[in-house]
$ cat query19.cif   # mmCIF, C-alpha atoms
data_final
loop_
_atom_site.group_PDB
_atom_site.id
_atom_site.type_symbol
_atom_site.label_atom_id
_atom_site.label_comp_id
_atom_site.auth_asym_id
_atom_site.auth_seq_id
_atom_site.Cartn_x
_atom_site.Cartn_y
_atom_site.Cartn_z
ATOM 1 C CA MET A 1 16.703 1.567 9.180
ATOM 2 C CA ASP A 2 15.874 5.252 9.156
ATOM 3 C CA ARG A 3 13.678 7.155 6.747
ATOM 4 C CA VAL A 4 14.139 10.377 4.858
ATOM 5 C CA ARG A 5 11.670 12.391 2.822
ATOM 6 C CA HIS A 6 12.215 13.651 -0.696
ATOM 7 C CA GLY A 7 9.465 14.977 -2.921
ATOM 8 C CA GLY A 8 6.776 13.082 -1.022
ATOM 9 C CA ARG A 9 8.548 9.749 -1.475
ATOM 10 C CA ASN A 10 10.003 7.565 1.242
ATOM 11 C CA ILE A 11 13.674 6.816 0.780
ATOM 12 C CA ALA A 12 14.893 4.081 3.095
ATOM 13 C CA LYS A 13 18.431 3.887 4.399
ATOM 14 C CA SER A 14 19.150 0.472 5.883
ATOM 15 C CA TYR A 15 21.502 -0.009 8.792
ATOM 16 C CA SER A 16 20.752 -3.712 8.752
ATOM 17 C CA THR A 17 19.445 -5.928 5.979
ATOM 18 C CA THR A 18 17.533 -7.934 8.570
ATOM 19 C CA LEU A 19 15.139 -5.080 9.336
ATOM 20 C CA GLY A 20 11.827 -4.807 7.563
ATOM 21 C CA GLY A 21 9.367 -1.939 7.320
ATOM 22 C CA PRO A 22 6.825 -0.702 9.847
ATOM 23 C CA LEU A 23 4.205 -3.143 11.049
ATOM 24 C CA VAL A 24 1.414 -0.636 10.333
ATOM 25 C CA GLN A 25 1.993 2.404 8.111
ATOM 26 C CA ILE A 26 -0.696 4.748 6.879
ATOM 27 C CA MET A 27 0.149 7.694 4.634
ATOM 28 C CA TRP A 28 -1.512 10.848 3.265
ATOM 29 C CA SER A 29 -4.799 10.069 5.006
ATOM 30 C CA SER A 30 -7.259 11.793 7.345
ATOM 31 C CA ASP A 31 -9.974 11.032 9.889
ATOM 32 C CA ILE A 32 -8.404 7.832 11.201
ATOM 33 C CA VAL A 33 -9.114 5.920 14.425
ATOM 34 C CA PHE A 34 -6.967 3.107 15.826
ATOM 35 C CA SER A 35 -8.529 1.586 18.957
ATOM 36 C CA ASN A 36 -8.716 -1.569 21.061
ATOM 37 C CA ILE A 37 -5.932 -3.470 19.320
ATOM 38 C CA THR A 38 -2.609 -5.049 20.277
ATOM 39 C CA LEU A 39 0.423 -4.724 17.994
ATOM 40 C CA GLN A 40 3.360 -6.979 18.797
ATOM 41 C CA ASN A 41 6.907 -7.793 17.666
ATOM 42 C CA SER A 42 7.253 -5.386 14.759
ATOM 43 C CA PRO A 43 10.456 -5.708 12.688
ATOM 44 C CA PHE A 44 10.770 -1.894 12.667
ATOM 45 C CA TRP A 45 8.554 0.991 13.806
ATOM 46 C CA THR A 46 5.248 -0.442 14.973
ATOM 47 C CA LEU A 47 2.649 2.199 14.054
ATOM 48 C CA HIS A 48 3.738 4.917 11.611
ATOM 49 C CA PRO A 49 1.203 7.553 10.512
ATOM 50 C CA TYR A 50 2.912 9.684 7.847
ATOM 51 C CA ASP A 51 1.539 13.045 6.657
ATOM 52 C CA CYS A 52 -1.886 12.350 8.137
ATOM 53 C CA LYS A 53 -4.511 14.610 9.698
ATOM 54 C CA ASN A 54 -7.101 14.088 12.417
ATOM 55 C CA VAL A 55 -5.789 10.819 13.844
ATOM 56 C CA THR A 56 -6.935 9.181 17.095
ATOM 57 C CA ILE A 57 -4.978 6.316 18.674
ATOM 58 C CA ARG A 58 -6.808 5.008 21.751
ATOM 59 C CA ASN A 59 -6.618 1.904 23.926
ATOM 60 C CA VAL A 60 -3.754 0.421 21.936
ATOM 61 C CA THR A 61 -1.185 -1.982 23.403
ATOM 62 C CA ILE A 62 2.217 -2.191 21.699
ATOM 63 C CA LEU A 63 4.795 -4.797 22.712
ATOM 64 C CA ALA A 64 8.293 -5.657 21.520
ATOM 65 C CA PRO A 65 11.353 -7.223 23.165
ATOM 66 C CA ILE A 66 12.883 -4.648 25.523
ATOM 67 C CA PHE A 67 16.453 -5.625 24.531
ATOM 68 C CA GLU A 68 18.103 -6.439 21.186
ATOM 69 C CA ALA A 69 15.159 -5.116 19.189
ATOM 70 C CA PRO A 70 16.516 -1.893 17.621
ATOM 71 C CA ASN A 71 14.188 0.571 15.895
ATOM 72 C CA THR A 72 11.054 -1.089 17.264
ATOM 73 C CA ASP A 73 9.472 2.249 18.179
ATOM 74 C CA GLY A 74 5.883 2.093 19.357
ATOM 75 C CA ILE A 75 4.163 5.035 17.642
ATOM 76 C CA ASP A 76 5.887 7.450 15.242
ATOM 77 C CA PRO A 77 3.697 10.435 14.318
ATOM 78 C CA ASP A 78 5.554 11.736 11.282
ATOM 79 C CA SER A 79 4.594 15.077 9.679
ATOM 80 C CA CYS A 80 1.128 14.671 11.187
ATOM 81 C CA GLU A 81 -1.435 17.268 12.250
ATOM 82 C CA ASP A 82 -4.246 17.105 14.808
ATOM 83 C CA MET A 83 -3.524 13.822 16.575
ATOM 84 C CA VAL A 84 -4.576 12.326 19.916
ATOM 85 C CA ILE A 85 -2.742 9.384 21.482
ATOM 86 C CA GLU A 86 -4.425 8.278 24.713
ATOM 87 C CA ASP A 87 -4.998 5.388 27.102
ATOM 88 C CA CYS A 88 -2.220 3.209 25.656
ATOM 89 C CA TYR A 89 0.357 0.791 27.055
ATOM 90 C CA ILE A 90 3.676 0.620 25.204
ATOM 91 C CA SER A 91 6.748 -1.490 26.063
ATOM 92 C CA VAL A 92 9.294 -1.705 23.238
ATOM 93 C CA GLY A 93 12.964 -1.923 22.287
ATOM 94 C CA ASP A 94 13.318 1.718 21.194
ATOM 95 C CA ASP A 95 11.302 4.922 21.739
ATOM 96 C CA ALA A 96 7.760 4.218 22.896
ATOM 97 C CA ILE A 97 6.627 7.340 21.012
ATOM 98 C CA ALA A 98 8.818 9.395 18.659
ATOM 99 C CA ILE A 99 7.409 12.483 16.961
ATOM 100 C CA LYS A 100 9.144 13.230 13.652
ATOM 101 C CA SER A 101 8.831 15.519 10.614
ATOM 102 C CA GLY A 102 11.537 14.571 8.135
ATOM 103 C CA TRP A 103 15.304 14.187 8.018
ATOM 104 C CA ASP A 104 17.679 17.044 7.185
ATOM 105 C CA GLN A 105 17.416 18.496 3.657
ATOM 106 C CA TYR A 106 14.680 16.027 2.676
ATOM 107 C CA GLY A 107 12.437 17.020 5.559
ATOM 108 C CA THR A 108 13.099 20.691 4.855
ATOM 109 C CA ALA A 109 12.150 20.242 1.195
ATOM 110 C CA TYR A 110 8.979 18.322 2.012
ATOM 111 C CA GLY A 111 8.091 20.976 4.591
ATOM 112 C CA GLN A 112 5.277 19.272 6.485
ATOM 113 C CA PRO A 113 5.460 19.839 10.271
ATOM 114 C CA SER A 114 4.063 17.721 13.064
ATOM 115 C CA THR A 115 1.682 19.949 15.009
ATOM 116 C CA ASN A 116 -1.261 19.889 17.388
ATOM 117 C CA ILE A 117 -0.503 16.539 19.017
ATOM 118 C CA LEU A 118 -1.967 15.508 22.384
ATOM 119 C CA ILE A 119 -0.472 12.548 24.260
ATOM 120 C CA ARG A 120 -2.185 11.575 27.526
ATOM 121 C CA ASN A 121 -2.945 8.785 29.959
ATOM 122 C CA LEU A 122 -0.139 6.437 28.908
ATOM 123 C CA VAL A 123 2.071 3.840 30.574
ATOM 124 C CA VAL A 124 5.320 3.389 28.648
ATOM 125 C CA ARG A 125 8.663 1.620 28.978
ATOM 126 C CA SER A 126 11.895 1.763 26.985
ATOM 127 C CA MET A 127 14.932 0.117 28.536
ATOM 128 C CA VAL A 128 17.163 1.194 25.619
ATOM 129 C CA SER A 129 15.875 4.567 24.435
ATOM 130 C CA ALA A 130 13.130 6.914 25.741
ATOM 131 C CA GLY A 131 9.499 6.854 26.735
ATOM 132 C CA ILE A 132 8.480 9.838 24.621
ATOM 133 C CA SER A 133 10.828 11.496 22.130
ATOM 134 C CA ILE A 134 10.703 14.373 19.711
ATOM 135 C CA GLY A 135 13.176 13.933 16.865
ATOM 136 C CA SER A 136 15.764 13.456 15.955
ATOM 137 C CA GLU A 137 14.293 13.767 12.455
ATOM 138 C CA MET A 138 12.363 17.027 12.947
ATOM 139 C CA SER A 139 13.433 19.133 9.963
ATOM 140 C CA GLY A 140 9.874 20.011 8.966
ATOM 141 C CA GLY A 141 9.234 21.393 12.443
ATOM 142 C CA VAL A 142 7.402 20.164 15.557
ATOM 143 C CA SER A 143 5.053 22.431 17.518
ATOM 144 C CA ASN A 144 2.056 22.514 19.824
ATOM 145 C CA VAL A 145 2.640 19.182 21.523
ATOM 146 C CA THR A 146 1.064 18.391 24.910
ATOM 147 C CA VAL A 147 2.181 15.392 26.965
ATOM 148 C CA GLU A 148 0.181 14.803 30.158
ATOM 149 C CA ASN A 149 -0.599 12.093 32.677
ATOM 150 C CA VAL A 150 2.146 9.687 31.616
ATOM 151 C CA LEU A 151 3.968 7.039 33.669
ATOM 152 C CA VAL A 152 7.429 6.069 32.402
ATOM 153 C CA TRP A 153 8.830 3.030 34.233
ATOM 154 C CA ASN A 154 12.017 0.949 34.060
ATOM 155 C CA SER A 155 13.418 3.045 31.234
ATOM 156 C CA ARG A 156 16.741 4.489 30.133
ATOM 157 C CA ARG A 157 15.199 7.925 29.542
ATOM 158 C CA ALA A 158 11.735 9.271 30.248
ATOM 159 C CA VAL A 159 11.120 12.217 27.873
ATOM 160 C CA ARG A 160 13.611 13.442 25.301
ATOM 161 C CA ILE A 161 14.045 16.038 22.571
ATOM 162 C CA LYS A 162 16.915 15.221 20.213
ATOM 163 C CA THR A 163 18.281 17.147 17.262
ATOM 164 C CA ALA A 164 21.553 18.257 15.642
ATOM 165 C CA PRO A 165 23.196 20.758 13.282
ATOM 166 C CA GLY A 166 21.962 20.029 9.781
ATOM 167 C CA ARG A 167 18.362 19.414 10.830
ATOM 168 C CA GLY A 168 17.033 22.951 10.539
ATOM 169 C CA GLY A 169 13.379 23.264 11.531
ATOM 170 C CA TYR A 170 12.163 23.950 15.042
ATOM 171 C CA VAL A 171 10.769 22.402 18.219
ATOM 172 C CA ARG A 172 8.533 24.880 20.046
ATOM 173 C CA HIS A 173 5.453 25.177 22.217
ATOM 174 C CA ILE A 174 5.928 21.823 23.935
ATOM 175 C CA THR A 175 4.141 21.213 27.258
ATOM 176 C CA TYR A 176 4.768 18.338 29.668
ATOM 177 C CA SER A 177 2.561 17.994 32.758
ATOM 178 C CA ASN A 178 1.776 15.367 35.389
ATOM 179 C CA LEU A 179 4.586 12.978 34.510
ATOM 180 C CA THR A 180 5.736 10.167 36.796
ATOM 181 C CA PHE A 181 9.183 8.590 36.462
ATOM 182 C CA ASP A 182 9.727 5.221 38.167
ATOM 183 C CA ASN A 183 13.223 3.733 37.984
ATOM 184 C CA VAL A 184 14.536 5.841 35.110
ATOM 185 C CA ARG A 185 18.199 6.510 34.367
ATOM 186 C CA VAL A 186 17.685 10.055 32.987
ATOM 187 C CA GLY A 187 14.353 11.819 33.403
ATOM 188 C CA ILE A 188 14.294 14.833 31.055
ATOM 189 C CA VAL A 189 16.732 15.076 28.136
ATOM 190 C CA ILE A 190 17.265 17.753 25.498
ATOM 191 C CA LYS A 191 20.165 16.792 23.227
ATOM 192 C CA THR A 192 21.480 18.930 20.369
ATOM 193 C CA ASP A 193 24.290 16.777 18.950
ATOM 194 C CA TYR A 194 22.447 13.694 17.710
ATOM 195 C CA ASN A 195 24.559 13.582 14.573
ATOM 196 C CA GLU A 196 23.107 10.922 12.316
ATOM 197 C CA HIS A 197 22.488 12.037 8.729
ATOM 198 C CA PRO A 198 20.988 10.332 5.662
ATOM 199 C CA ASP A 199 23.893 11.321 3.400
ATOM 200 C CA GLU A 200 26.470 14.069 2.895
ATOM 201 C CA GLY A 201 24.012 16.468 1.230
ATOM 202 C CA TYR A 202 22.799 18.158 4.409
ATOM 203 C CA ASP A 203 23.659 21.755 5.293
ATOM 204 C CA PRO A 204 25.664 21.820 8.556
ATOM 205 C CA LYS A 205 24.678 25.472 8.983
ATOM 206 C CA ALA A 206 20.970 24.560 9.092
ATOM 207 C CA VAL A 207 20.489 24.614 12.839
ATOM 208 C CA PRO A 208 17.165 23.948 14.571
ATOM 209 C CA ILE A 209 15.435 26.404 16.888
ATOM 210 C CA LEU A 210 14.409 25.074 20.304
ATOM 211 C CA GLY A 211 12.194 27.049 22.668
ATOM 212 C CA ASP A 212 9.011 27.489 24.667
ATOM 213 C CA ILE A 213 9.191 24.162 26.478
ATOM 214 C CA SER A 214 7.534 23.720 29.878
ATOM 215 C CA PHE A 215 7.587 21.016 32.545
ATOM 216 C CA ALA A 216 5.075 21.011 35.423
ATOM 217 C CA GLY A 217 4.033 18.338 37.876
ATOM 218 C CA ILE A 218 7.084 16.097 37.413
ATOM 219 C CA HIS A 219 7.383 13.438 40.126
ATOM 220 C CA GLY A 220 8.968 10.068 40.640
ATOM 221 C CA GLN A 221 11.501 7.849 42.329
ATOM 222 C CA GLY A 222 14.667 5.978 41.503
ATOM 223 C CA VAL A 223 15.902 8.536 38.953
ATOM 224 C CA ARG A 224 19.651 8.756 38.426
ATOM 225 C CA VAL A 225 19.840 12.106 36.558
ATOM 226 C CA PRO A 226 16.557 14.048 36.710
ATOM 227 C CA VAL A 227 17.386 16.674 34.046
ATOM 228 C CA ARG A 228 20.022 16.899 31.300
ATOM 229 C CA ILE A 229 19.567 19.852 28.911
ATOM 230 C CA HIS A 230 22.543 19.907 26.573
ATOM 231 C CA GLY A 231 22.201 22.995 24.414
ATOM 232 C CA SER A 232 25.163 24.349 22.499
ATOM 233 C CA LYS A 233 26.527 27.668 21.314
ATOM 234 C CA GLU A 234 24.938 27.151 17.878
ATOM 235 C CA ILE A 235 21.764 25.502 19.201
ATOM 236 C CA PRO A 236 20.820 27.170 22.510
ATOM 237 C CA VAL A 237 17.666 26.056 24.309
ATOM 238 C CA ARG A 238 15.423 29.038 25.072
ATOM 239 C CA ASN A 239 12.462 29.735 27.319
ATOM 240 C CA VAL A 240 12.342 26.511 29.329
ATOM 241 C CA THR A 241 10.133 26.461 32.442
ATOM 242 C CA PHE A 242 10.157 24.093 35.426
ATOM 243 C CA GLN A 243 7.424 24.138 38.075
ATOM 244 C CA ASP A 244 6.264 21.663 40.729
ATOM 245 C CA MET A 245 9.011 19.087 40.350
ATOM 246 C CA SER A 246 10.085 16.550 42.953
ATOM 247 C CA VAL A 247 12.032 13.509 41.830
ATOM 248 C CA GLY A 248 13.468 10.984 44.271
ATOM 249 C CA LEU A 249 17.043 10.057 43.428
ATOM 250 C CA THR A 250 18.824 6.717 43.352
ATOM 251 C CA TYR A 251 21.772 8.404 45.063
ATOM 252 C CA LYS A 252 23.086 11.875 45.709
ATOM 253 C CA LYS A 253 25.739 13.394 43.496
ATOM 254 C CA LYS A 254 26.698 16.855 42.284
ATOM 255 C CA HIS A 255 25.297 18.220 39.018
ATOM 256 C CA ILE A 256 22.353 15.866 38.880
ATOM 257 C CA PHE A 257 20.345 18.729 37.345
ATOM 258 C CA GLN A 258 22.591 19.302 34.327
ATOM 259 C CA CYS A 259 22.508 22.235 31.905
ATOM 260 C CA ALA A 260 24.440 23.800 29.053
ATOM 261 C CA TYR A 261 23.437 26.812 26.926
ATOM 262 C CA VAL A 262 19.898 26.984 28.261
ATOM 263 C CA GLN A 263 17.775 29.982 29.233
ATOM 264 C CA GLY A 264 14.600 29.764 31.253
ATOM 265 C CA ARG A 265 13.029 29.841 34.678
ATOM 266 C CA VAL A 266 12.184 27.821 37.732
ATOM 267 C CA ILE A 267 8.913 28.734 39.454
ATOM 268 C CA GLY A 268 8.554 27.819 43.121
ATOM 269 C CA THR A 269 10.239 24.807 44.660
ATOM 270 C CA VAL A 270 11.956 22.272 42.436
ATOM 271 C CA PHE A 271 13.824 19.191 43.683
ATOM 272 C CA PRO A 272 16.603 18.436 43.056
ATOM 273 C CA ALA A 273 18.174 21.894 43.053
ATOM 274 C CA PRO A 274 18.089 23.331 39.505
ATOM 275 C CA CYS A 275 21.183 24.418 37.619
ATOM 276 C CA GLU A 276 22.476 27.979 37.824
ATOM 277 C CA ASN A 277 21.559 28.694 34.190
ATOM 278 C CA LEU A 278 17.905 29.252 35.096
ATOM 279 C CA ASP A 279 16.229 32.298 36.653
ATOM 280 C CA ARG A 280 14.374 31.666 39.927
ATOM 281 C CA TYR A 281 10.843 32.892 40.625
ATOM 282 C CA ASP A 282 8.596 32.387 43.622
ATOM 283 C CA GLU A 283 5.138 30.822 43.434
ATOM 284 C CA GLN A 284 3.581 34.226 42.787
ATOM 285 C CA GLY A 285 5.780 34.805 39.766
ATOM 286 C CA ASN A 286 8.113 37.318 41.397
ATOM 287 C CA LEU A 287 11.748 37.224 40.338
ATOM 288 C CA VAL A 288 13.969 35.969 43.160
ATOM 289 C CA LYS A 289 17.325 35.485 41.454
ATOM 290 C CA ARG A 290 18.527 36.174 37.932
ATOM 291 C CA SER A 291 20.901 33.686 36.327
ATOM 292 C CA VAL A 292 24.437 34.992 36.001
ATOM 293 C CA SER A 293 25.201 32.893 32.917
ATOM 294 C CA GLN A 294 23.011 30.829 30.646
ATOM 295 C CA ASN A 295 26.075 29.269 28.998
ATOM 296 C CA LEU A 296 27.352 27.423 32.055
ATOM 297 C CA THR A 297 28.059 23.782 31.282
ATOM 298 C CA ASP A 298 27.909 20.980 33.818
ATOM 299 C CA ILE A 299 26.978 18.036 31.589
ATOM 300 C CA ASP A 300 28.372 14.763 32.910
ATOM 301 C CA TYR A 301 27.707 11.694 30.773
ATOM 302 C CA ASP A 302 29.559 9.458 33.207
ATOM 303 C CA PHE A 303 26.329 9.006 35.160
#

$ encode --input "query19.cif" --output "structure tokens"
Amino acid sequence: MDRVRHGGRNIAKSYSTTLGGPLVQIMWSSDIVFSNITLQNSPFWTLHPYDCKNVTIRNVTILAPIFEAPNTDGIDPDSCEDMVIEDCYISVGDDAIAIKSGWDQYGTAYGQPSTNILIRNLVVRSMVSAGISIGSEMSGGVSNVTVENVLVWNSRRAVRIKTAPGRGGYVRHITYSNLTFDNVRVGIVIKTDYNEHPDEGYDPKAVPILGDISFAGIHGQGVRVPVRIHGSKEIPVRNVTFQDMSVGLTYKKKHIFQCAYVQGRVIGTVFPAPCENLDRYDEQGNLVKRSVSQNLTDIDYDF
């Protein structure tokens, strides 16, 4: 099941009749605290705050089967403002956290972004999807998100931004710092062709804007592909920064830092070697080497 927004109402599109609704859903509310609880085996998204303000989620444990439990996201902040998620443990069958703001034309019409969200001090696992995602339903916009002090272990992907033509909206001013990846297939993912739509009424020319995204203090071991940023000609990824990154690999292979249609910078030493799309700066912020082409593509989904 996925959800779209239209005129403030939830319209559900079911991919399976066996799926129910969220385990906990709170809507159009403010000044909320969830703390010191365990939520387990949700039939769909586990904790779904929708169009809420001033929300704190602290010391919450969320558990679901790690396989064959589709759509069992942990926490889905959806068109929410001023939220803190901290000191939680999440192990689920889909995204541990997925920040959303509406789906295609419905999210654009509703027009309520997710903004000012702080995520910190978490341990998360997602064997099927990602530890922390933004999107893919982000048509109302997502901005001012900080993710810090997070361990992602035994997961398919660690942190991911996903969108597609037809979404519109934006993802901007996103900061990741002090992340640890332990046995993760792909560490950092930005994907611009996540083409699921609620119906045929979306505008394929409504493309999202992605930019001002920074990664600092990224460490770990057992990572197969540390970075995969798959921008496109119509949805380029702009102003991405990498600093203080050292990720131990499961094995060596070419193009393990993968890029397409991305512009940005690497500051200081980053391991593994970054793609040629990015400008290189030293630790003092002096330009060392300018990228010759931001449109180079070396995406390899075979590994």

$ residues_near_point --input "query19.cif" --point "(18.6, 25.0, 36.1)" --cutoff "12 Å" --atoms "only C-alpha atoms" --output "PDB file with C-alpha atoms, in the frame of the given file"
ATOM      1  CA  PRO A 226      16.557  14.048  36.710  1.00  0.00           C
ATOM      2  CA  VAL A 227      17.386  16.674  34.046  1.00  0.00           C
ATOM      3  CA  ARG A 228      20.022  16.899  31.300  1.00  0.00           C
ATOM      4  CA  ILE A 229      19.567  19.852  28.911  1.00  0.00           C
ATOM      5  CA  HIS A 230      22.543  19.907  26.573  1.00  0.00           C
ATOM      6  CA  VAL A 237      17.666  26.056  24.309  1.00  0.00           C
ATOM      7  CA  ASN A 239      12.462  29.735  27.319  1.00  0.00           C
ATOM      8  CA  VAL A 240      12.342  26.511  29.329  1.00  0.00           C
ATOM      9  CA  THR A 241      10.133  26.461  32.442  1.00  0.00           C
ATOM     10  CA  PHE A 242      10.157  24.093  35.426  1.00  0.00           C
ATOM     11  CA  GLN A 243       7.424  24.138  38.075  1.00  0.00           C
ATOM     12  CA  HIS A 255      25.297  18.220  39.018  1.00  0.00           C
ATOM     13  CA  ILE A 256      22.353  15.866  38.880  1.00  0.00           C
ATOM     14  CA  PHE A 257      20.345  18.729  37.345  1.00  0.00           C
ATOM     15  CA  GLN A 258      22.591  19.302  34.327  1.00  0.00           C
ATOM     16  CA  CYS A 259      22.508  22.235  31.905  1.00  0.00           C
ATOM     17  CA  ALA A 260      24.440  23.800  29.053  1.00  0.00           C
ATOM     18  CA  TYR A 261      23.437  26.812  26.926  1.00  0.00           C
ATOM     19  CA  VAL A 262      19.898  26.984  28.261  1.00  0.00           C
ATOM     20  CA  GLN A 263      17.775  29.982  29.233  1.00  0.00           C
ATOM     21  CA  GLY A 264      14.600  29.764  31.253  1.00  0.00           C
ATOM     22  CA  ARG A 265      13.029  29.841  34.678  1.00  0.00           C
ATOM     23  CA  VAL A 266      12.184  27.821  37.732  1.00  0.00           C
ATOM     24  CA  ILE A 267       8.913  28.734  39.454  1.00  0.00           C
ATOM     25  CA  THR A 269      10.239  24.807  44.660  1.00  0.00           C
ATOM     26  CA  VAL A 270      11.956  22.272  42.436  1.00  0.00           C
ATOM     27  CA  PHE A 271      13.824  19.191  43.683  1.00  0.00           C
ATOM     28  CA  PRO A 272      16.603  18.436  43.056  1.00  0.00           C
ATOM     29  CA  ALA A 273      18.174  21.894  43.053  1.00  0.00           C
ATOM     30  CA  PRO A 274      18.089  23.331  39.505  1.00  0.00           C
ATOM     31  CA  CYS A 275      21.183  24.418  37.619  1.00  0.00           C
ATOM     32  CA  GLU A 276      22.476  27.979  37.824  1.00  0.00           C
ATOM     33  CA  ASN A 277      21.559  28.694  34.190  1.00  0.00           C
ATOM     34  CA  LEU A 278      17.905  29.252  35.096  1.00  0.00           C
ATOM     35  CA  ASP A 279      16.229  32.298  36.653  1.00  0.00           C
ATOM     36  CA  ARG A 280      14.374  31.666  39.927  1.00  0.00           C
ATOM     37  CA  TYR A 281      10.843  32.892  40.625  1.00  0.00           C
ATOM     38  CA  LYS A 289      17.325  35.485  41.454  1.00  0.00           C
ATOM     39  CA  ARG A 290      18.527  36.174  37.932  1.00  0.00           C
ATOM     40  CA  SER A 291      20.901  33.686  36.327  1.00  0.00           C
ATOM     41  CA  VAL A 292      24.437  34.992  36.001  1.00  0.00           C
ATOM     42  CA  SER A 293      25.201  32.893  32.917  1.00  0.00           C
ATOM     43  CA  GLN A 294      23.011  30.829  30.646  1.00  0.00           C
ATOM     44  CA  ASN A 295      26.075  29.269  28.998  1.00  0.00           C
ATOM     45  CA  LEU A 296      27.352  27.423  32.055  1.00  0.00           C
ATOM     46  CA  THR A 297      28.059  23.782  31.282  1.00  0.00           C
ATOM     47  CA  ASP A 298      27.909  20.980  33.818  1.00  0.00           C
ATOM     48  CA  ILE A 299      26.978  18.036  31.589  1.00  0.00           C
TER      49      ILE A 299
END

$ atom_distance --input "query19.cif" --atom1 "CA of Glu68 in chain A" --atom2 "CA of Val92 in chain A"
10.2 Å

$ atom_distance --input "query19.cif" --atom1 "CA of His48 in chain A" --atom2 "CA of Asn121 in chain A"
19.9 Å

$ resolve_selection --input "query19.cif" --expression "the PyMOL selection byres ((chain A and resi 142) around 12)" --output "PyMOL selection string"
chain A and resi 77-81+98-102+107+111-117+133-141+143-146+161-163+167-174+208-213

$ atom_distance --input "query19.cif" --atom1 "CA of Leu23 in chain A" --atom2 "CA of Gln40 in chain A"
8.7 Å

$ closest_residue --input "query19.cif" --among "A:Tyr110, A:Phe44, A:Tyr202, A:Tyr50" --to "Asp95 in chain A" --atoms "only C-alpha atoms"
A:Phe44

$ resolve_selection --input "query19.cif" --expression "the PyMOL selection byres ((chain A and resi 164) around 6)" --output "PyMOL selection string"
chain A and resi 163+165+167+192-195

$ closest_residue --input "query19.cif" --among "A:Ile62, A:Ile57, A:Leu179, A:Leu118" --to "Val150 in chain A" --atoms "all atoms listed in the file"
A:Leu179

$ decode --input "query19.cif" --residues "range 253-264 of chain A" --atoms "N, CA, C and O atoms" --output "short mmCIF file (atom, residue, chain, number, x, y, z; two decimals), in the first residue's frame"
data_model
loop_
_atom_site.label_atom_id
_atom_site.label_comp_id
_atom_site.auth_asym_id
_atom_site.auth_seq_id
_atom_site.Cartn_x
_atom_site.Cartn_y
_atom_site.Cartn_z
N LYS A 253 36.93 -3.19 -6.42
CA LYS A 253 36.44 -3.23 -7.79
C LYS A 253 36.38 -1.81 -8.31
O LYS A 253 36.23 -0.87 -7.55
N LYS A 254 36.47 -1.63 -9.61
CA LYS A 254 36.41 -0.30 -10.19
C LYS A 254 35.02 0.29 -9.99
O LYS A 254 34.01 -0.40 -9.89
N HIS A 255 34.98 1.62 -9.98
CA HIS A 255 33.72 2.38 -9.93
C HIS A 255 32.89 2.07 -8.68
O HIS A 255 31.68 2.03 -8.73
N ILE A 256 33.55 1.87 -7.58
CA ILE A 256 32.79 1.62 -6.36
C ILE A 256 32.25 2.90 -5.76
O ILE A 256 31.36 2.88 -4.93
N PHE A 257 32.79 4.05 -6.19
CA PHE A 257 32.22 5.36 -5.87
C PHE A 257 31.57 5.81 -7.18
O PHE A 257 32.24 6.27 -8.10
N GLN A 258 30.25 5.65 -7.30
CA GLN A 258 29.57 5.77 -8.58
C GLN A 258 28.80 7.08 -8.67
O GLN A 258 28.14 7.48 -7.71
N CYS A 259 28.86 7.72 -9.83
CA CYS A 259 28.21 9.02 -10.01
C CYS A 259 27.63 9.15 -11.41
O CYS A 259 28.15 8.57 -12.36
N ALA A 260 26.58 9.96 -11.51
CA ALA A 260 26.03 10.38 -12.79
C ALA A 260 25.30 11.69 -12.59
O ALA A 260 24.48 11.81 -11.68
N TYR A 261 25.62 12.69 -13.42
CA TYR A 261 24.96 14.00 -13.37
C TYR A 261 24.92 14.55 -11.93
O TYR A 261 23.87 14.81 -11.37
N VAL A 262 26.10 14.70 -11.38
CA VAL A 262 26.22 15.24 -10.03
C VAL A 262 27.32 16.30 -10.01
O VAL A 262 28.36 16.15 -10.66
N GLN A 263 27.07 17.38 -9.29
CA GLN A 263 28.06 18.44 -9.12
C GLN A 263 28.29 18.64 -7.63
O GLN A 263 27.35 18.62 -6.83
N GLY A 264 29.56 18.81 -7.26
CA GLY A 264 29.85 19.01 -5.86
C GLY A 264 31.33 18.99 -5.60
O GLY A 264 32.15 19.25 -6.49
#
